[in-house]
Amino acid sequence: MKILIYGKGYIGHHFFNYLQAQGEPVAWGDADIANIEKVRRDLKTQQPEVVLNCAGKTGRPNVDWCETHQAETVYANVTGPLILLQACSETETRLVHLGSGCIYEGNNGGKGFREEDTPNFYGSFYSKTKIWSEQILKEFPVLQLRLRMPIDNEPGPRNFISKITQYEKVISIENSMTVIEDLLPATLELIKRKRTGIYNMTNPGGIDHQNILEQYKTIVDPNFTYKLISLEELYQNHTQAKRSNCILNTTKLQTEGIVMRPIKQAIQELLEKGFKKN
């Protein structure tokens with residue numbers, strides 16, 4: 001089962017390295033995903049069974065970038081996935097698309113948001129583009145995986161733990177998050193089972209920023225300090241776009257028998273494994 005990956009970023013490289021290690025035939029797509037002729041050429045040359053789309057714009061250093069680069073954000077997050085859909089449909093290639101859970105606000109009355117729940121967060125242009133692409137792709141036999149705040153055990157600029165330890169001031173709201181170490185085998189299993197539709201690919205449960213930072217202080221750096229601020233202060237003084245804070249329901253994935261660790265357990269293990277100073 002050959003898998004062609006688009007998007008040579010943080011998550012794309014994790015998938016490429018994992019699939020190689022698992023002995024799965026994997027290759028990079030070279031095309032701009034919004035250029036249908038080049039995508040068609042890739043598919044003809046590589047002959048993959050599956051296309052895994054890890055490409056997209058989240059903005060650097062954060063999603064505020066998308067507010068001032070809206071055309072580029074649409075190009076990457078909406079046009080690109082639809083071009084991949086067209087090209088894959090022509091060749092009967094299965095499409096797997098990495099979407100986002102940052103399309104909700106709140107915890108849905110304590111239940112968490114399920115895959116079929118209508119998005120309720122339009123506070124950032126980034127989130128709008130993820131809603132638009134998801135709503136179109138769900139009409140087709142595409143596997144869509146919703147990620148949130150990706151975390152791994154290697155400190156780095158795209159790692160959520162690294163990000164919040166660099167901020168002088170942080171909010172603390174319970175959120176769903178995705179641990180990449182758990183995401184990779186779960187995704188491969190869904191691909192092998194030829195699943196389609198939307199799946200919430202977050203670790204079960206929720207965790208707030210303060211919990212993570214207190215664990216960081218205990219496990220990694222006892223001298224670490226931070227200051228909590230309200231969401232209102234964040235929006236008033238520090239950000240251009242609003243931020244999605246939400247809990248996703250993971251029952252659908254668990255019903256498949258696919259296990260991702262509870263998020264609080266996973267965070268502790270990541271801090272002990274990758275962040276702890278020797």
# chains A, B, ... in the order shown; residues from 1 in each chain; ligands from 1
call {"tool": "residues_around", "arguments": {"residues": "range 130-135 of chain A", "least_positions_apart": "6", "cutoff": "12 Å", "atoms": "only C-alpha atoms", "output": "number ranges by chain"}}
result
A: 56-58, 66, 73-85, 96-104, 115-124, 142-147, 197-199
call {"tool": "residues_around", "arguments": {"residues": "Val259 in chain A", "least_positions_apart": "6", "cutoff": "10 Å", "atoms": "only C-alpha atoms", "output": "number ranges by chain"}}
result
A: 182-183, 185-186, 203-204, 253
call {"tool": "atom_distance", "arguments": {"atom1": "CA of Lys169 in chain A", "atom2": "CA of Glu181 in chain A"}}
result
27.9 Å
call {"tool": "closest_residue", "arguments": {"among": "A:His14, A:Arg40, A:Lys2, A:Arg261", "to": "Val26 in chain A", "atoms": "only C-alpha atoms"}}
result
A:Lys2
call {"tool": "residues_around", "arguments": {"residues": "Ala27 in chain A", "least_positions_apart": "2", "cutoff": "10 Å", "atoms": "only C-alpha atoms", "output": "PDB file with C-alpha atoms, in the first residue's frame"}}
result
ATOM      1  CA  LYS A   2       1.928   3.013  -1.243  1.00  0.00           C
ATOM      2  CA  ILE A   3       1.200   6.314   0.494  1.00  0.00           C
ATOM      3  CA  LEU A   4       2.006   9.682  -1.086  1.00  0.00           C
ATOM      4  CA  ILE A   5       2.378  12.522   1.427  1.00  0.00           C
ATOM      5  CA  TYR A   6       1.826  16.198   0.702  1.00  0.00           C
ATOM      6  CA  PHE A  16       6.906  10.028   6.612  1.00  0.00           C
ATOM      7  CA  LEU A  19       5.595   4.965   7.776  1.00  0.00           C
ATOM      8  CA  GLN A  20       9.152   4.272   6.646  1.00  0.00           C
ATOM      9  CA  GLU A  24       5.183   0.982   4.407  1.00  0.00           C
ATOM     10  CA  PRO A  25       6.001   2.246   0.889  1.00  0.00           C
ATOM     11  CA  GLY A  29       4.390  14.543  -3.339  1.00  0.00           C
ATOM     12  CA  ASP A  30       6.325  17.296  -5.114  1.00  0.00           C
ATOM     13  CA  GLN A  46       4.063   7.572  -8.092  1.00  0.00           C
ATOM     14  CA  PRO A  48      -0.053   5.617  -4.827  1.00  0.00           C
ATOM     15  CA  VAL A  51      -2.724  10.308  -0.710  1.00  0.00           C
TER      16      VAL A  51
END
call {"tool": "select_by_dssp", "arguments": {"residues": "range 6-65 of chain A", "states": "helix (DSSP H, G or I)", "output": "ChimeraX atom specification"}}
result
/A:10-21,36-46,64-65
call {"tool": "write_last_selection", "arguments": {"atoms": "C-alpha atoms", "output": "compact mmCIF listing (two decimals), in the first residue's frame"}}
result
# COMPACT_ATOMS: atom_id res chain seq x y z
CA TYR A 10 6.09 19.26 11.23
CA ILE A 11 3.38 16.60 10.98
CA GLY A 12 4.22 15.49 7.44
CA HIS A 13 7.75 14.58 8.48
CA HIS A 14 6.45 12.66 11.49
CA PHE A 15 4.19 10.61 9.21
CA PHE A 16 6.91 10.03 6.61
CA ASN A 17 9.43 8.79 9.19
CA TYR A 18 6.85 6.61 10.96
CA LEU A 19 5.60 4.96 7.78
CA GLN A 20 9.15 4.27 6.65
CA ALA A 21 9.92 2.69 10.02
CA ILE A 36 -4.08 20.08 -10.60
CA GLU A 37 -1.80 19.33 -13.55
CA LYS A 38 1.21 18.86 -11.27
CA VAL A 39 -0.82 16.76 -8.83
CA ARG A 40 -2.00 14.58 -11.72
CA ARG A 41 1.63 14.16 -12.79
CA ASP A 42 2.60 13.09 -9.26
CA LEU A 43 -0.19 10.51 -9.16
CA LYS A 44 0.74 9.16 -12.57
CA THR A 45 4.43 8.90 -11.64
CA GLN A 46 4.06 7.57 -8.09
CA ASP A 64 -3.09 35.70 13.43
CA TRP A 65 -1.00 35.46 10.24
call {"tool": "closest_residue", "arguments": {"among": "A:Gln70, A:Thr202, A:Asn35, A:Asn107", "to": "Ala87 in chain A", "atoms": "only C-alpha atoms"}}
result
A:Asn35
call {"tool": "atom_distance", "arguments": {"atom1": "CA of Ile207 in chain A", "atom2": "CA of Gln265 in chain A"}}
result
10.2 Å
call {"tool": "closest_residue", "arguments": {"among": "A:Val220, A:Ile229, A:Ala55, A:Ile180", "to": "Phe275 in chain A", "atoms": "only C-alpha atoms"}}
result
A:Val220
call {"tool": "atom_distance", "arguments": {"atom1": "CA of Leu270 in chain A", "atom2": "CA of Arg60 in chain A"}}
result
24.4 Å
call {"tool": "closest_residue", "arguments": {"among": "A:Lys138, A:Arg94, A:Arg158, A:His69", "to": "Arg193 in chain A", "atoms": "only C-alpha atoms"}}
result
A:Arg94
call {"tool": "closest_residue", "arguments": {"among": "A:Asp32, A:Glu49, A:Glu67, A:Glu105", "to": "Ala241 in chain A", "atoms": "only C-alpha atoms"}}
result
A:Glu67
call {"tool": "select_by_dssp", "arguments": {"residues": "range 127-179 of chain A", "states": "strand (DSSP E or B)", "output": "MDAnalysis selection string"}}
result
chainID A and resid 143:147 151 169:170 175 179
call {"tool": "write_last_selection", "arguments": {"atoms": "N, CA and C atoms", "output": "tab-separated table (two decimals), in the first residue's frame"}}
result
chain	number	residue	atom	x	y	z
A	143	LEU	N	-11.27	10.22	4.07
A	143	LEU	CA	-11.00	10.07	5.50
A	143	LEU	C	-10.45	11.40	6.01
A	144	GLN	N	-11.20	12.05	6.89
A	144	GLN	CA	-10.78	13.33	7.46
A	144	GLN	C	-10.46	13.15	8.94
A	145	LEU	N	-9.29	13.61	9.31
A	145	LEU	CA	-8.80	13.44	10.68
A	145	LEU	C	-8.67	14.80	11.34
A	146	ARG	N	-9.42	15.00	12.42
A	146	ARG	CA	-9.36	16.28	13.13
A	146	ARG	C	-8.28	16.23	14.22
A	147	LEU	N	-7.30	17.11	14.09
A	147	LEU	CA	-6.23	17.22	15.08
A	147	LEU	C	-6.42	18.51	15.88
A	151	ILE	N	1.31	17.66	19.77
A	151	ILE	CA	2.38	17.58	20.76
A	151	ILE	C	3.21	16.34	20.49
A	169	LYS	N	2.83	35.16	29.24
A	169	LYS	CA	1.49	35.13	29.79
A	169	LYS	C	0.66	34.10	29.04
A	170	VAL	N	-0.11	33.31	29.76
A	170	VAL	CA	-0.93	32.27	29.12
A	170	VAL	C	-2.33	32.24	29.73
A	175	ASN	N	-8.66	21.87	27.11
A	175	ASN	CA	-8.71	21.62	25.67
A	175	ASN	C	-8.42	20.16	25.35
A	179	VAL	N	-1.56	13.92	20.64
A	179	VAL	CA	-0.17	13.48	20.83
A	179	VAL	C	0.23	12.70	19.59
call {"tool": "closest_residue", "arguments": {"among": "A:Phe113, A:Trp28, A:Tyr126, A:Phe224", "to": "Lys242 in chain A", "atoms": "only C-alpha atoms"}}
result
A:Tyr126
call {"tool": "residues_around", "arguments": {"residues": "Ser176 in chain A", "least_positions_apart": "2", "cutoff": "8 Å", "atoms": "only C-alpha atoms", "output": "VMD selection string"}}
result
chain A and resid 148 to 149 174 178 202 to 207 246 to 248 263
